[in-house]
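Participant: Below you will find the structure I want to go over with you.
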Amino acid sequence: MINNFNNLISGGVILKLQLIINGLIYGIIVAVSTMGLTITTKILNFFNFAHGTIMTLCAFLVFSFNVGLNLPIIVSVLLAIPLSVIVALCIDSIIYVKMRKAASVALLMTSIGVTFAMRSLIKVIYGGGVKFYDVRISKGINILGINITSQQILIIILSIIAMYLVHLFMSKTKIGKSMRAVSGNPVLGEVTGINPELIYKWAWGLGTTLAALGGFFLALDTRLVPTMGWNILIPIFVAMVIGGIGSIYGAVIGGLIVGFAMEIAAGFIPATYKLGVAFIIMIVVLLWKPMGLFEEKK
Amino acid sequence: MGLLSFVIFFLTLVAIYAILSIGININWGGTGLFNVSIHGMMLIGAYTSAILTTQPTGTRFGGFGLPFIVGILGAMIVTGIVSLCLLPFAYRLKDLNYFALGCLGFAEIMRLIAVQEDGLTQGPMGIGMIPQPLRNLIASRFLYDILYLIIVIVILIIVYFLVEKIIKTPWGRVLRSIREDEKVSRSLGKNVFGYKIQSIVIASMVFGLGGALLAHLYTYITPNNFEPIYTFIIWIMMITGGIGNNLGMIVGAAIIRLAWEGTIIAVDYLPPVLATRMGDIRLFVIGVVLIIVMLWSPSGIFPENKRVSRFLKISNYDINKSANVRRDLNERDSS
């Protein structure tokens, strides 16, 4: 620890700035995935542990198209995201549709079953080794000694576009407004003629799209391993809880807080404890404001 | 001989997992606390017992060379004390899922500490050479495994009867009333928070005991033996066996372990490429079993025997019926 600290002093300001950039990238990836999770959690009313596995699934589907079939990365992503959504909707219509009225704990345990089954299938098919996409490794652009690759810039731009589109979808379209109505009060939503099944399908679709996008970004920025979704799942849950469940803006801010805190802490404490930092933030926030920092105003 | 020693190993694991499932049954089946910190508690128990019973080494803390019984009692005490860290969650977080996240966070931090703090736990290398009880009495490995199985079964029987006993006391009834409706028990003047803490501490002591028994069975532990997946496997055992029924815990542990080990037999029929990925196929089977149980039999194989009193002879059916009638009445009132 003292050694790390000395490094930081000798590296000076540059190293600190590099940590902030790392935190920004990680935070934005967490934020995009958290937006998806917060939508499914609020509307389907349970903590979906399979969210991380959907991220892994999409990342590996992109890998199949990109490396297996030699398609360009853009085409692979455009093929993989709808495919992940189809998988999620199939899981919904086979399993969750029978449990609409079940307790949230039962649904949570079922989603853990889905996680185990899907993650091990991915591992059986692709093997446990580390993989990379077939993209040009850019050397990175140096701004004042801070290293940022072109992929990372792409991730930031695409994430901001995705966030803006989700904001437009939730506030302008009829489906988005219905989703917010159902998440606020399901019975009232049903009374006003909103078909709940349709809303559930849309929630799965939107949530999975964002998860898939997040999974692809994560794999693009780091590498592909079958446990990647499970490892990022805990920061995502922390971000969702900090932001207040159901608020997409809270999800973005929660994601950025978690990302920054974890990456900046990595400069001061052993990297093993990065996850612990996320937890400590969550514990503090939960004990201080049990409904999250940005509880939705009625 | 090979098959027989495999069966003995299997039965030992079933007994240890049955103890752990009985532990979680106190929390979820008994009190309605969504506790997912099992792997953290097991880890504390296992490492405590290992540090207390191993011979002194220069490279890490302890190695006190104490007897087995001190090891497992120490594991239970330390786990019970550490579980008080969950106290603020039980006090502040009323929502089940939030409590679960807090517990998961606590358990993961415990695991990270075990990975990181070399001086205490030897980090990812783990602690080896954990002594087994009465090992020097029996030279044969095979006969000794049978003895250890007997020791574990004796402990399982003690835990089973103690837990059955306390669940049937007025104390246990208060716990179940908290599970059914916390506000009702509070309105009757019960200190709900106090009861929850007692439930958490007792269950955690059982987890610590189970972890210590695992450590003495494996004789070598690393933080990888205590991943979150074990928490969920124990939860699956509880749900399969029947929430709230301690006999069901033993059956649930046996069934899930059988599904786990059954994949070994399947290896012979698989192509060699897949045979190397055994661990993943096991997890796949476990996941599918969990989904099937949740879909078709959420109350498990042995549903809870909702006994009111030994003077009042009503069956489960009557209780469910009266609950339905009560719900109908409530709905009529509110509409």
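Each chain of the structure tokens is named A, B, ... in the order shown, its residues numbered from 1; ligands are numbered from 1 in display order.
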How close does chain A get to chain B? List, as a tab-separated table, each residue of chain A within 6 Å, its nearest atom pair and the distance in Å to one decimal, counting only C-alpha atoms.
Facilitator:
```
residue	atom	partner	partner_atom	distance
A:Thr110	CA	B:Ile291	CA	5.3
A:Gly113	CA	B:Gly287	CA	4.0
A:Phe116	CA	B:Gly287	CA	4.9
A:Ala117	CA	B:Phe284	CA	4.1
A:Ser120	CA	B:Asp280	CA	4.7
A:Gly276	CA	B:Ile109	CA	5.5
A:Phe279	CA	B:Gly105	CA	5.5
```
Participant: Extract the full set of strand (DSSP E or B) residues from range 1-244 of chain A according to DSSP on the backbone, and format it as a count of residues only.
Facilitator: 8
Participant: From the options B:Ile243, B:Ala107, B:Ile256, B:Met237, which residue's atoms come nearest to Val36 in chain B, counting only C-alpha atoms?
Facilitator: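 Smallest separation from Val36 in chain B among the options: B:Ala107.
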Participant: Would you give me, as CSV, each residue of range 155-267 of chain A having an atom within 12 Å of an atom of range 95-104 of chain A, along with its shortest atom pair and that distance in Å to one decimal, using only C-alpha atoms and sorting by chain and residue number?
Facilitator:
```
residue,atom,partner,partner_atom,distance
A:Pro196,CA,A:Arg100,CA,10.4
A:Glu197,CA,A:Val97,CA,8.8
A:Leu198,CA,A:Val97,CA,11.8
A:Tyr200,CA,A:Val97,CA,9.4
A:Lys201,CA,A:Val97,CA,10.0
A:Trp204,CA,A:Tyr96,CA,10.9
```
Participant: For Ile54 in chain A, work out the shell of residues within 12 Å, counting only C-alpha atoms and skipping chain neighbours fewer than 6 positions away, then give it as a ChimeraX atom specification.
Facilitator: /A:33,36-37,48,60-61,80-89,91,111,114-119,122,204-205,207-216,226-230,232-233
Participant: Restricting it to N, CA and C atoms, dump the selection as a CSV table (one decimal), in the first residue's frame.
Facilitator:
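Everything below was put into part.csv:
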```csv
chain,number,residue,atom,x,y,z
A,33,SER,N,-25.2,-0.2,-18.4
A,33,SER,CA,-25.8,-1.5,-18.0
A,33,SER,C,-26.8,-1.3,-16.9
A,36,GLY,N,-30.3,-0.4,-18.0
A,36,GLY,CA,-31.1,-1.5,-18.4
A,36,GLY,C,-31.6,-2.3,-17.2
A,37,LEU,N,-30.8,-2.5,-16.2
A,37,LEU,CA,-31.2,-3.2,-15.0
A,37,LEU,C,-32.3,-2.5,-14.2
A,48,ASN,N,-32.9,-8.9,-11.1
A,48,ASN,CA,-32.5,-9.9,-12.1
A,48,ASN,C,-31.0,-10.1,-12.1
A,60,PHE,N,-20.1,-12.4,-26.3
A,60,PHE,CA,-19.6,-13.6,-26.9
A,60,PHE,C,-20.2,-13.8,-28.3
A,61,LEU,N,-21.5,-13.4,-28.4
A,61,LEU,CA,-22.1,-13.4,-29.8
A,61,LEU,C,-21.4,-12.5,-30.7
A,80,ALA,N,-25.7,-9.1,-33.0
A,80,ALA,CA,-25.7,-9.7,-31.7
A,80,ALA,C,-26.7,-9.2,-30.8
A,81,ILE,N,-27.0,-7.8,-30.8
A,81,ILE,CA,-27.9,-7.2,-29.9
A,81,ILE,C,-29.3,-7.8,-30.1
A,82,PRO,N,-29.9,-7.8,-31.3
A,82,PRO,CA,-31.2,-8.3,-31.5
A,82,PRO,C,-31.3,-9.8,-31.1
A,83,LEU,N,-30.2,-10.5,-31.3
A,83,LEU,CA,-30.2,-11.9,-31.0
A,83,LEU,C,-30.2,-12.1,-29.4
A,84,SER,N,-29.5,-11.2,-28.7
A,84,SER,CA,-29.6,-11.3,-27.2
A,84,SER,C,-31.0,-11.0,-26.8
A,85,VAL,N,-31.6,-10.0,-27.4
A,85,VAL,CA,-33.0,-9.6,-27.0
A,85,VAL,C,-33.9,-10.8,-27.2
A,86,ILE,N,-33.7,-11.5,-28.4
A,86,ILE,CA,-34.6,-12.7,-28.7
A,86,ILE,C,-34.4,-13.7,-27.6
A,87,VAL,N,-33.1,-14.0,-27.2
A,87,VAL,CA,-32.8,-15.0,-26.2
A,87,VAL,C,-33.5,-14.6,-24.9
A,88,ALA,N,-33.4,-13.3,-24.5
A,88,ALA,CA,-34.1,-12.8,-23.2
A,88,ALA,C,-35.6,-13.0,-23.3
A,89,LEU,N,-36.2,-12.7,-24.5
A,89,LEU,CA,-37.6,-12.8,-24.6
A,89,LEU,C,-38.0,-14.2,-24.5
A,91,ILE,N,-36.5,-16.6,-22.9
A,91,ILE,CA,-36.4,-17.0,-21.4
A,91,ILE,C,-37.6,-16.5,-20.7
A,111,SER,N,-33.8,-16.3,-11.3
A,111,SER,CA,-32.8,-15.7,-12.2
A,111,SER,C,-31.4,-16.1,-11.9
A,114,VAL,N,-31.1,-19.2,-13.9
A,114,VAL,CA,-30.8,-18.8,-15.3
A,114,VAL,C,-29.4,-18.4,-15.5
A,115,THR,N,-28.8,-17.7,-14.5
A,115,THR,CA,-27.4,-17.2,-14.6
A,115,THR,C,-26.5,-18.4,-14.7
A,116,PHE,N,-26.7,-19.4,-13.7
A,116,PHE,CA,-25.8,-20.5,-13.7
A,116,PHE,C,-25.9,-21.3,-15.0
A,117,ALA,N,-27.1,-21.6,-15.5
A,117,ALA,CA,-27.3,-22.4,-16.7
A,117,ALA,C,-26.7,-21.7,-17.9
A,118,MET,N,-26.9,-20.4,-18.0
A,118,MET,CA,-26.4,-19.7,-19.2
A,118,MET,C,-24.9,-19.5,-19.2
A,119,ARG,N,-24.4,-19.1,-18.0
A,119,ARG,CA,-23.0,-18.9,-17.9
A,119,ARG,C,-22.2,-20.2,-18.2
A,122,ILE,N,-22.2,-20.9,-21.9
A,122,ILE,CA,-21.3,-20.1,-22.6
A,122,ILE,C,-19.9,-20.6,-22.4
A,204,TRP,N,-38.2,-6.0,-21.0
A,204,TRP,CA,-37.2,-7.0,-21.3
A,204,TRP,C,-36.3,-6.6,-22.5
A,205,GLY,N,-37.0,-6.1,-23.5
A,205,GLY,CA,-36.3,-5.7,-24.7
A,205,GLY,C,-35.4,-4.6,-24.5
A,207,GLY,N,-34.3,-3.4,-21.5
A,207,GLY,CA,-33.2,-3.7,-20.5
A,207,GLY,C,-32.1,-4.6,-21.1
A,208,THR,N,-32.5,-5.6,-22.0
A,208,THR,CA,-31.5,-6.4,-22.6
A,208,THR,C,-30.7,-5.7,-23.6
A,209,THR,N,-31.3,-4.8,-24.3
A,209,THR,CA,-30.5,-4.0,-25.3
A,209,THR,C,-29.4,-3.3,-24.6
A,210,LEU,N,-29.8,-2.6,-23.5
A,210,LEU,CA,-28.8,-1.8,-22.8
A,210,LEU,C,-27.7,-2.7,-22.2
A,211,ALA,N,-28.2,-3.9,-21.6
A,211,ALA,CA,-27.2,-4.8,-21.0
A,211,ALA,C,-26.2,-5.3,-22.1
A,212,ALA,N,-26.8,-5.6,-23.3
A,212,ALA,CA,-26.0,-6.2,-24.4
A,212,ALA,C,-25.0,-5.1,-24.8
A,213,LEU,N,-25.4,-3.9,-24.9
A,213,LEU,CA,-24.5,-2.8,-25.3
A,213,LEU,C,-23.4,-2.7,-24.3
A,214,GLY,N,-23.8,-2.7,-23.0
A,214,GLY,CA,-22.8,-2.6,-21.9
A,214,GLY,C,-21.8,-3.8,-22.0
A,215,GLY,N,-22.3,-5.0,-22.2
A,215,GLY,CA,-21.4,-6.1,-22.3
A,215,GLY,C,-20.4,-6.0,-23.5
A,216,PHE,N,-20.9,-5.5,-24.6
A,216,PHE,CA,-20.0,-5.3,-25.7
A,216,PHE,C,-18.9,-4.3,-25.4
A,226,PRO,N,-15.7,-15.7,-19.6
A,226,PRO,CA,-17.1,-16.1,-19.3
A,226,PRO,C,-17.6,-15.5,-18.0
A,227,THR,N,-16.7,-15.1,-17.1
A,227,THR,CA,-17.2,-14.6,-15.8
A,227,THR,C,-17.3,-13.1,-15.8
A,228,MET,N,-17.1,-12.4,-16.9
A,228,MET,CA,-17.0,-11.0,-16.9
A,228,MET,C,-18.4,-10.4,-16.5
A,229,GLY,N,-19.5,-11.0,-16.9
A,229,GLY,CA,-20.8,-10.5,-16.5
A,229,GLY,C,-21.1,-10.6,-15.0
A,230,TRP,N,-20.6,-11.7,-14.5
A,230,TRP,CA,-20.8,-11.9,-13.0
A,230,TRP,C,-20.0,-10.9,-12.2
A,232,ILE,N,-19.0,-7.9,-13.1
A,232,ILE,CA,-19.4,-6.5,-13.1
A,232,ILE,C,-20.8,-6.4,-12.6
A,233,LEU,N,-21.5,-7.5,-12.3
A,233,LEU,CA,-22.9,-7.5,-11.8
A,233,LEU,C,-23.0,-6.7,-10.5
```
Participant: Using only C-alpha atoms, which protein or nucleic acid residues come within 12 Å of range 178-181 of chain A? Drop anything in the same chain fewer than 3 positions from it, and give the result as a PyMOL selection string.
Facilitator: chain A and resi 38-40+42-44+167+169-175+184-204+206+246-248+296+298
Participant: For Leu33 in chain B, please output as a short mmCIF file (atom, residue, chain, number, x, y, z; two decimals) with N, CA and C atoms, in the first residue's frame all residues within 9 Å (counting only C-alpha atoms; exclusion window: fewer than 3 positions along the same chain).
Facilitator:
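Printed below is result_15.cif as written:
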```cif
data_model
loop_
_atom_site.label_atom_id
_atom_site.label_comp_id
_atom_site.auth_asym_id
_atom_site.auth_seq_id
_atom_site.Cartn_x
_atom_site.Cartn_y
_atom_site.Cartn_z
N ILE B 26 -33.06 -21.58 9.42
CA ILE B 26 -33.41 -20.75 10.58
C ILE B 26 -33.69 -19.33 10.11
N ASN B 27 -32.88 -18.85 9.16
CA ASN B 27 -33.02 -17.46 8.71
C ASN B 27 -34.21 -17.27 7.78
N TRP B 28 -34.27 -18.06 6.71
CA TRP B 28 -35.33 -17.83 5.73
C TRP B 28 -36.61 -18.57 6.11
N GLY B 29 -36.49 -19.87 6.36
CA GLY B 29 -37.67 -20.64 6.72
C GLY B 29 -38.24 -20.21 8.05
N GLY B 30 -37.36 -19.79 8.97
CA GLY B 30 -37.81 -19.45 10.31
C GLY B 30 -38.20 -18.00 10.47
N ALA B 90 -30.10 -5.39 9.16
CA ALA B 90 -31.37 -5.90 9.68
C ALA B 90 -32.17 -4.77 10.31
N LEU B 96 -36.53 -7.04 1.61
CA LEU B 96 -35.77 -8.29 1.59
C LEU B 96 -34.58 -8.21 0.65
N PHE B 99 -31.68 -6.14 1.88
CA PHE B 99 -30.96 -6.87 2.94
C PHE B 99 -30.04 -7.91 2.31
N ALA B 100 -30.54 -8.59 1.28
CA ALA B 100 -29.73 -9.61 0.61
C ALA B 100 -28.49 -8.99 -0.01
N ARG B 179 -41.79 -13.83 10.27
CA ARG B 179 -41.75 -14.21 8.86
C ARG B 179 -43.09 -13.93 8.19
N LYS B 196 -34.57 -10.82 15.31
CA LYS B 196 -33.87 -11.01 14.02
C LYS B 196 -32.39 -11.22 14.27
N SER B 199 -31.66 -14.60 15.53
CA SER B 199 -31.78 -15.56 14.42
C SER B 199 -30.52 -15.53 13.55
N ILE B 200 -30.04 -14.31 13.23
CA ILE B 200 -28.85 -14.20 12.38
C ILE B 200 -27.65 -14.81 13.08
#
```
Participant: Could you list, with a cut-off of 9 Å and counting only C-alpha atoms, the residues of range 241-262 of chain A near range 27-31 of chain A, each shown with its nearest atom pair and the distance in Å rounded to one decimal, rows sorted by chain and ascending number, as a Markdown table?
Facilitator:
```
| residue | atom | partner | partner_atom | distance |
| --- | --- | --- | --- | --- |
| A:Ala251 | CA | A:Ala31 | CA | 6.1 |
| A:Val252 | CA | A:Ala31 | CA | 4.5 |
| A:Ile253 | CA | A:Ala31 | CA | 7.3 |
| A:Gly254 | CA | A:Ala31 | CA | 7.1 |
| A:Gly255 | CA | A:Ala31 | CA | 4.1 |
| A:Leu256 | CA | A:Gly27 | CA | 4.2 |
| A:Ile257 | CA | A:Gly27 | CA | 6.9 |
| A:Val258 | CA | A:Gly27 | CA | 6.3 |
| A:Gly259 | CA | A:Gly27 | CA | 3.6 |
| A:Phe260 | CA | A:Gly27 | CA | 6.1 |
| A:Ala261 | CA | A:Gly27 | CA | 8.9 |
| A:Met262 | CA | A:Gly27 | CA | 8.9 |
```
